[in-house]
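S.K.: Input: one structure, supplied below.
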Amino acid sequence: MNFFEYRDGEMTVENVKVADIAKQVGTPFYLYSSASLAYQYNQFKEAFGDLDVLICYAVKANTNQSVIKSFAEMGSGADVVSEGEMRRALLAGIPAKKIVYSGVAKTVDEMAFALEQGIYQFNVESEPELYQLSEVATRLGKVADITFRVNPDVDAKTHAKISTGKSENKFGVPWVNVREICATAASLSGIKLVGLDLHIGSQITELDPFEEAFKRISGLIETLREDGHEITRLDLGGGLGIPYQGEELTPLPAEYAEMVKRVVSHLGCQIIIEPGRFLVGNAGILVSKVVYVKKGQERKFLIVDAAMNDLVRPSMYDAYHEIVSVNESHQDRELFDIVGPVCETGDTFATNRLITPMESGDLLAIRSVGAYGAVMASTYNTRRLVPEVLVNDKEFAIVRPRPTYDDIIGLDQLAPWLSK
Ligand code: LLP
């Protein structure tokens with residue numbers, strides 16, 4: 001479902017014109033659709049039917065309080081990777097008992113905070129982390145429910161920088177060491193082993209890598225049960241891909257859920273899933289204005305007011321994002337490179353892209369940026385962080401305002417010997 005449609009040649013989100021929001025907010029800005037968030041969440045939820053599944057939204061994809069709150073109201077839990085994300089999830093109303101905590105380098109302070117809040121589980125990734133957690137929990141008089149994140153050594157067939165389940169990646173307990181580490185866990189006073197967990201990568205558009213990994217982990221659970229461990233939870237991570245070029249969605253949530261049921265339901269475990277991109281990716285666009293149209297020697301450039309610091313995915317992962325004019329009242333198309341103002345050649349959103357010819361002052365939209373867009377932004381070139389706007393039917397709200405220059409520069413302090 002596309003919630004960013006054209007009506008009489010003008011892009012609308014739900015029932016608001018994008019150009020009207022731009023007039024009030026100024027450009028560039030991120031724009032999210034509430035209906036899209038709900039549609040994606042419900043699609044996922046309904047796909048699993050009556051299977052005992054806890055959906056833990058991977059908040060790293062989009063940490064805006066209004067976005068997390070939207071999911072909290074739908075009953076979602078959260079997957080977090082830092083104390084900061086945990087605080088955001090709790091503040092937005094996700095109950096601690098629905099929070100799972102992932103990450104390779106949880107610190108003592110972060111562990112203590114999570115234990116005090118009473119989160120659902122820690123996804124532990126190494127032996128040193130296990131010992132550390134047991135020590136912190138024992139000191140606080142608590143017992144930490146844990147799963148081990150195992151590294152299944154499976155190729156997720158996605159971009160190398162977002163592939164996490166191969167043995168050479170830093171993530172998870174090596175496959176061959178899992179039985180041993182589970183035996184260690186059983187001997188520690190501050191730890192209760194409740195399950196296993198994996199996450200093989202992101203933007204995965206085929207079922208096979210998931211299925212291979214889920215089969216491997218199911219077999220492992222059976223072995224661990226034979227070893228005497230009571231395994232009651234299985235956390236399958238996130239990773240389900242989304243369409244970026246207007247293609248059909250693959251795999252469908254229903255196909256994914258059917259496979260999960262077929263491969264793991266005989267275990268009788270509670271299933272936990274950590275979708276990030278799937279829930280928010282297609283729910284957001286980045287609206288930007290053309291500053292100049294420049295005729296280079298070989299190419300024509302649309303120089304826009306958004307840049308790589310606002311959306312880093314194209315320069316970081318060579319990611320493809322559809323770029324369209326907000327006003328599509330005529331059918332002409334021309335080839336352009338679409339670039340930002342930052343002083344780096346990598347500040348390029350698209351090369352040789354066929355797009356409606358535009359002029360200085362025209363608006364364009366970069367699609368499918370709801371996940372890993374605003375959260376990865378920086379203030380490089382002392383550019384202000386881009387505001388975020390959420391639409392709900394006919395209304396919209398600025399859910400993160402554009403900071404002032406004083407907000408940014410004021411974070412610095414002059415060294416005392418320079419301020420005299
Ligand atoms: N669970 C864990 C432990 C993760 O590390 C991640 C993402 C997720 C769940 C959610 O994965 P998703 O459903 O969103 O694929 N910045 C990159 C993506 C990095 C993903 C990191 N981990 C990008 O822009 O493509």
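Every chain in the structure tokens takes a letter, A first, then B, and so on in the order presented; its residues are numbered from 1, and the ligands are numbered from 1 following the presented order.
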What does the list of residues within 6 Å of ligand 1 look like if you count only C-alpha atoms and all ligand atoms, written as a PyMOL selection string?

M.R.: chain A and resi 58+61+102+162+199+202-203+237-240+274-278+313+372

S.K.: Extract the full set of alpha helix (DSSP H) residues from region 21-96 of chain A according to DSSP on the backbone, and format it as a PyMOL selection string.

M.R.: chain A and resi 21-25+34-48+65-73+83-91

S.K.: Would you write out those residues with N, CA and C atoms, as a CSV table (one decimal), in the first residue's frame?

M.R.:
chain,number,residue,atom,x,y,z
A,21,ILE,N,2.4,21.2,3.6
A,21,ILE,CA,3.3,21.0,4.7
A,21,ILE,C,4.6,21.7,4.5
A,22,ALA,N,5.2,21.6,3.3
A,22,ALA,CA,6.4,22.3,3.0
A,22,ALA,C,6.3,23.8,3.2
A,23,LYS,N,5.2,24.4,2.9
A,23,LYS,CA,5.0,25.8,3.1
A,23,LYS,C,5.1,26.2,4.6
A,24,GLN,N,4.6,25.3,5.4
A,24,GLN,CA,4.6,25.6,6.9
A,24,GLN,C,5.9,25.3,7.6
A,25,VAL,N,6.5,24.2,7.1
A,25,VAL,CA,7.7,23.6,7.8
A,25,VAL,C,9.0,24.1,7.3
A,34,SER,N,1.1,8.0,9.4
A,34,SER,CA,0.6,7.1,10.5
A,34,SER,C,-0.1,5.9,10.0
A,35,ALA,N,-0.9,6.1,8.9
A,35,ALA,CA,-1.7,5.0,8.3
A,35,ALA,C,-0.7,3.9,7.8
A,36,SER,N,0.4,4.3,7.3
A,36,SER,CA,1.3,3.4,6.7
A,36,SER,C,2.0,2.6,7.9
A,37,LEU,N,2.3,3.2,9.0
A,37,LEU,CA,2.9,2.5,10.1
A,37,LEU,C,1.9,1.4,10.6
A,38,ALA,N,0.6,1.8,10.7
A,38,ALA,CA,-0.4,0.9,11.2
A,38,ALA,C,-0.6,-0.2,10.2
A,39,TYR,N,-0.6,0.1,9.0
A,39,TYR,CA,-0.8,-0.9,7.9
A,39,TYR,C,0.3,-2.0,8.0
A,40,GLN,N,1.5,-1.5,8.1
A,40,GLN,CA,2.6,-2.5,8.1
A,40,GLN,C,2.6,-3.3,9.3
A,41,TYR,N,2.3,-2.7,10.5
A,41,TYR,CA,2.3,-3.5,11.7
A,41,TYR,C,1.2,-4.5,11.7
A,42,ASN,N,0.0,-4.1,11.2
A,42,ASN,CA,-1.1,-5.1,11.2
A,42,ASN,C,-0.9,-6.2,10.3
A,43,GLN,N,-0.3,-5.9,9.1
A,43,GLN,CA,0.1,-6.9,8.2
A,43,GLN,C,0.9,-8.0,8.8
A,44,PHE,N,1.9,-7.5,9.6
A,44,PHE,CA,2.8,-8.4,10.2
A,44,PHE,C,2.1,-9.3,11.3
A,45,LYS,N,1.4,-8.6,12.1
A,45,LYS,CA,0.7,-9.2,13.2
A,45,LYS,C,-0.3,-10.3,12.7
A,46,GLU,N,-1.1,-9.8,11.7
A,46,GLU,CA,-2.1,-10.8,11.2
A,46,GLU,C,-1.5,-12.0,10.5
A,47,ALA,N,-0.4,-11.8,9.9
A,47,ALA,CA,0.3,-12.9,9.2
A,47,ALA,C,0.5,-14.1,10.2
A,48,PHE,N,0.8,-13.8,11.4
A,48,PHE,CA,1.1,-14.9,12.4
A,48,PHE,C,-0.1,-15.5,13.0
A,65,GLN,N,9.9,9.8,19.0
A,65,GLN,CA,9.0,9.4,20.1
A,65,GLN,C,7.6,9.1,19.5
A,66,SER,N,7.1,9.9,18.6
A,66,SER,CA,5.8,9.7,18.0
A,66,SER,C,5.7,8.4,17.3
A,67,VAL,N,6.8,8.0,16.6
A,67,VAL,CA,6.7,6.8,15.9
A,67,VAL,C,6.7,5.6,16.9
A,68,ILE,N,7.6,5.7,17.9
A,68,ILE,CA,7.6,4.6,18.9
A,68,ILE,C,6.2,4.5,19.6
A,69,LYS,N,5.7,5.7,19.9
A,69,LYS,CA,4.4,5.7,20.6
A,69,LYS,C,3.3,5.1,19.8
A,70,SER,N,3.4,5.4,18.5
A,70,SER,CA,2.3,4.8,17.6
A,70,SER,C,2.4,3.3,17.7
A,71,PHE,N,3.6,2.7,17.7
A,71,PHE,CA,3.7,1.3,17.8
A,71,PHE,C,3.3,0.8,19.2
A,72,ALA,N,3.7,1.6,20.2
A,72,ALA,CA,3.3,1.2,21.6
A,72,ALA,C,1.8,1.0,21.7
A,73,GLU,N,1.1,2.0,21.1
A,73,GLU,CA,-0.4,1.9,21.2
A,73,GLU,C,-1.0,0.8,20.4
A,83,GLU,N,21.3,2.2,26.1
A,83,GLU,CA,20.5,2.7,27.1
A,83,GLU,C,19.6,3.9,26.6
A,84,GLY,N,20.2,4.6,25.6
A,84,GLY,CA,19.4,5.7,25.0
A,84,GLY,C,18.2,5.2,24.4
A,85,GLU,N,18.3,4.1,23.6
A,85,GLU,CA,17.1,3.6,22.9
A,85,GLU,C,16.1,3.0,23.9
A,86,MET,N,16.7,2.4,25.0
A,86,MET,CA,15.8,1.9,26.0
A,86,MET,C,15.0,3.0,26.7
A,87,ARG,N,15.7,4.1,27.0
A,87,ARG,CA,15.0,5.3,27.5
A,87,ARG,C,13.9,5.8,26.6
A,88,ARG,N,14.2,5.9,25.3
A,88,ARG,CA,13.2,6.3,24.3
A,88,ARG,C,12.0,5.4,24.3
A,89,ALA,N,12.3,4.1,24.3
A,89,ALA,CA,11.2,3.1,24.3
A,89,ALA,C,10.3,3.2,25.5
A,90,LEU,N,10.9,3.3,26.7
A,90,LEU,CA,10.1,3.4,27.9
A,90,LEU,C,9.3,4.7,28.0
A,91,LEU,N,10.0,5.8,27.6
A,91,LEU,CA,9.3,7.1,27.6
A,91,LEU,C,8.1,7.1,26.6

S.K.: Using only C-alpha atoms, pick whichever of A:Glu328, A:Glu230, A:Glu206, A:Asp347 has the shortest atom-to-atom distance to Asp310 (chain A).

M.R.: A:Asp347

S.K.: Please provide the set of residues having any atom within 12 Å of Glu359 (chain A), restricted to only C-alpha atoms, with same-chain residues fewer than 2 positions apart removed, written as a ChimeraX atom specification.

M.R.: /A:289-294,300-304,325,327,336,355-357,361-364

S.K.: Would you mind exporting N, CA and C atoms of the selected residues as a short mmCIF file (atom, residue, chain, number, x, y, z; two decimals), in the first residue's frame?

M.R.:
data_model
loop_
_atom_site.label_atom_id
_atom_site.label_comp_id
_atom_site.auth_asym_id
_atom_site.auth_seq_id
_atom_site.Cartn_x
_atom_site.Cartn_y
_atom_site.Cartn_z
N LYS A 289 13.99 20.73 -1.59
CA LYS A 289 13.71 21.75 -2.61
C LYS A 289 14.91 21.87 -3.54
N VAL A 290 14.65 22.08 -4.81
CA VAL A 290 15.74 22.32 -5.75
C VAL A 290 16.29 23.73 -5.49
N VAL A 291 17.61 23.81 -5.25
CA VAL A 291 18.23 25.12 -5.04
C VAL A 291 18.68 25.69 -6.39
N TYR A 292 19.43 24.89 -7.12
CA TYR A 292 19.88 25.30 -8.45
C TYR A 292 19.77 24.15 -9.43
N VAL A 293 19.54 24.48 -10.69
CA VAL A 293 19.69 23.50 -11.76
C VAL A 293 20.97 23.89 -12.47
N LYS A 294 21.92 22.97 -12.51
CA LYS A 294 23.24 23.33 -13.03
C LYS A 294 23.57 22.46 -14.24
N LYS A 300 23.58 17.05 -16.26
CA LYS A 300 22.77 18.11 -15.65
C LYS A 300 22.52 17.74 -14.20
N PHE A 301 22.67 18.72 -13.32
CA PHE A 301 22.52 18.45 -11.89
C PHE A 301 21.31 19.17 -11.32
N LEU A 302 20.56 18.44 -10.52
CA LEU A 302 19.59 19.10 -9.65
C LEU A 302 20.29 19.20 -8.30
N ILE A 303 20.61 20.40 -7.90
CA ILE A 303 21.25 20.58 -6.59
C ILE A 303 20.15 20.91 -5.60
N VAL A 304 19.97 20.03 -4.61
CA VAL A 304 18.81 20.17 -3.71
C VAL A 304 19.28 20.58 -2.31
N SER A 325 9.18 14.06 -8.41
CA SER A 325 8.76 15.44 -8.22
C SER A 325 7.46 15.44 -7.41
N ASN A 327 5.27 17.65 -7.70
CA ASN A 327 4.27 18.04 -8.69
C ASN A 327 4.51 17.28 -9.99
N PHE A 336 18.91 13.50 -14.88
CA PHE A 336 19.61 14.41 -13.97
C PHE A 336 20.46 13.61 -12.99
N ILE A 355 13.77 11.90 -14.48
CA ILE A 355 12.85 12.56 -13.53
C ILE A 355 12.18 13.74 -14.23
N THR A 356 11.04 14.14 -13.73
CA THR A 356 10.34 15.33 -14.26
C THR A 356 11.29 16.52 -14.24
N PRO A 357 11.43 17.24 -15.34
CA PRO A 357 12.32 18.41 -15.31
C PRO A 357 11.87 19.41 -14.24
N GLY A 361 13.44 26.02 -6.75
CA GLY A 361 12.23 26.26 -5.95
C GLY A 361 11.24 25.11 -5.99
N ASP A 362 11.39 24.17 -6.95
CA ASP A 362 10.46 23.03 -7.03
C ASP A 362 10.78 22.01 -5.93
N LEU A 363 9.74 21.27 -5.55
CA LEU A 363 9.89 20.27 -4.48
C LEU A 363 10.05 18.87 -5.06
N LEU A 364 10.93 18.09 -4.44
CA LEU A 364 10.99 16.67 -4.80
C LEU A 364 10.93 15.83 -3.53
#

S.K.: Region 396-411 of chain A: which residues within 10 Å, counting only C-alpha atoms, same-chain residues fewer than 5 positions away excluded, as an NGL selection string?

M.R.: :A and (13 or 15-16 or 21 or 24-34 or 64-67 or 379 or 382-391)

S.K.: Generate a file of the selected residues that holds C-alpha atoms, formatted as an mmCIF file, in the first residue's frame.

M.R.:
data_model
loop_
_atom_site.group_PDB
_atom_site.id
_atom_site.type_symbol
_atom_site.label_atom_id
_atom_site.label_comp_id
_atom_site.auth_asym_id
_atom_site.auth_seq_id
_atom_site.Cartn_x
_atom_site.Cartn_y
_atom_site.Cartn_z
ATOM 1 C CA VAL A 13 0.232 11.906 2.132
ATOM 2 C CA ASN A 15 -5.244 13.490 3.088
ATOM 3 C CA VAL A 16 -2.696 16.291 3.240
ATOM 4 C CA ILE A 21 3.308 20.996 4.737
ATOM 5 C CA GLN A 24 4.615 25.640 6.885
ATOM 6 C CA VAL A 25 7.682 23.626 7.847
ATOM 7 C CA GLY A 26 10.253 24.709 5.261
ATOM 8 C CA THR A 27 12.558 22.232 3.546
ATOM 9 C CA PRO A 28 14.131 19.746 3.878
ATOM 10 C CA PHE A 29 11.996 17.609 6.194
ATOM 11 C CA TYR A 30 11.119 13.983 6.844
ATOM 12 C CA LEU A 31 7.461 13.142 6.439
ATOM 13 C CA TYR A 32 5.821 10.010 7.869
ATOM 14 C CA SER A 33 2.378 8.491 7.432
ATOM 15 C CA SER A 34 0.599 7.097 10.518
ATOM 16 C CA ASN A 64 11.141 9.419 16.928
ATOM 17 C CA GLN A 65 8.984 9.404 20.066
ATOM 18 C CA SER A 66 5.786 9.743 18.040
ATOM 19 C CA VAL A 67 6.730 6.777 15.875
ATOM 20 C CA THR A 379 25.115 18.000 11.497
ATOM 21 C CA THR A 382 27.015 22.586 10.459
ATOM 22 C CA ARG A 383 23.733 21.832 8.789
ATOM 23 C CA ARG A 384 20.739 21.702 11.088
ATOM 24 C CA LEU A 385 19.104 18.304 11.713
ATOM 25 C CA VAL A 386 16.086 17.864 9.490
ATOM 26 C CA PRO A 387 12.680 18.181 11.168
ATOM 27 C CA GLU A 388 10.274 15.265 11.218
ATOM 28 C CA VAL A 389 6.554 15.551 10.511
ATOM 29 C CA LEU A 390 3.848 12.956 11.128
ATOM 30 C CA VAL A 391 0.576 12.899 9.224
#

S.K.: Extract, using only C-alpha atoms, all DNA, RNA and protein residues at most 12 Å from Arg139 (chain A), discarding same-chain residues fewer than 5 positions from it, and format them as a list in words.

M.R.: Val108, Met111, Ala112, Leu115, Glu116, Gln132, Leu133, Ser134, Ala144, Ser189 and Gly190 of chain A

S.K.: Going by DSSP on the backbone, which bits of region 26-217 of chain A are strand (DSSP E)? Write them as a PyMOL selection string, please.

M.R.: chain A and resi 29-33+53-58+77-80+99-101+121-124+144-151+173-174+191-197

S.K.: Interatomic distance between CA of Ala114 (chain A) and CA of Ile99 (chain A)?

M.R.: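 Atom-to-atom, CA of Ala114 (chain A) and CA of Ile99 (chain A) are spaced 9.3 Å apart.
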
S.K.: Take CA of Glu180 (chain A) and CA of Glu127 (chain A) and report the distance between them in Å, one decimal.

M.R.: 10.0 Å

S.K.: Can you tell me, as a list in words, what residues are no more than 9 Å from Tyr120 (chain A) when counting only C-alpha atoms, ignoring any on the same chain fewer than 2 positions away?

M.R.: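 Using only C-alpha atoms, the neighbours found are Ala96, Lys97, Lys98, Ile99, Val100, Tyr101, Gly118, Phe122, Ala144, Asp145 and Ile146 of chain A.
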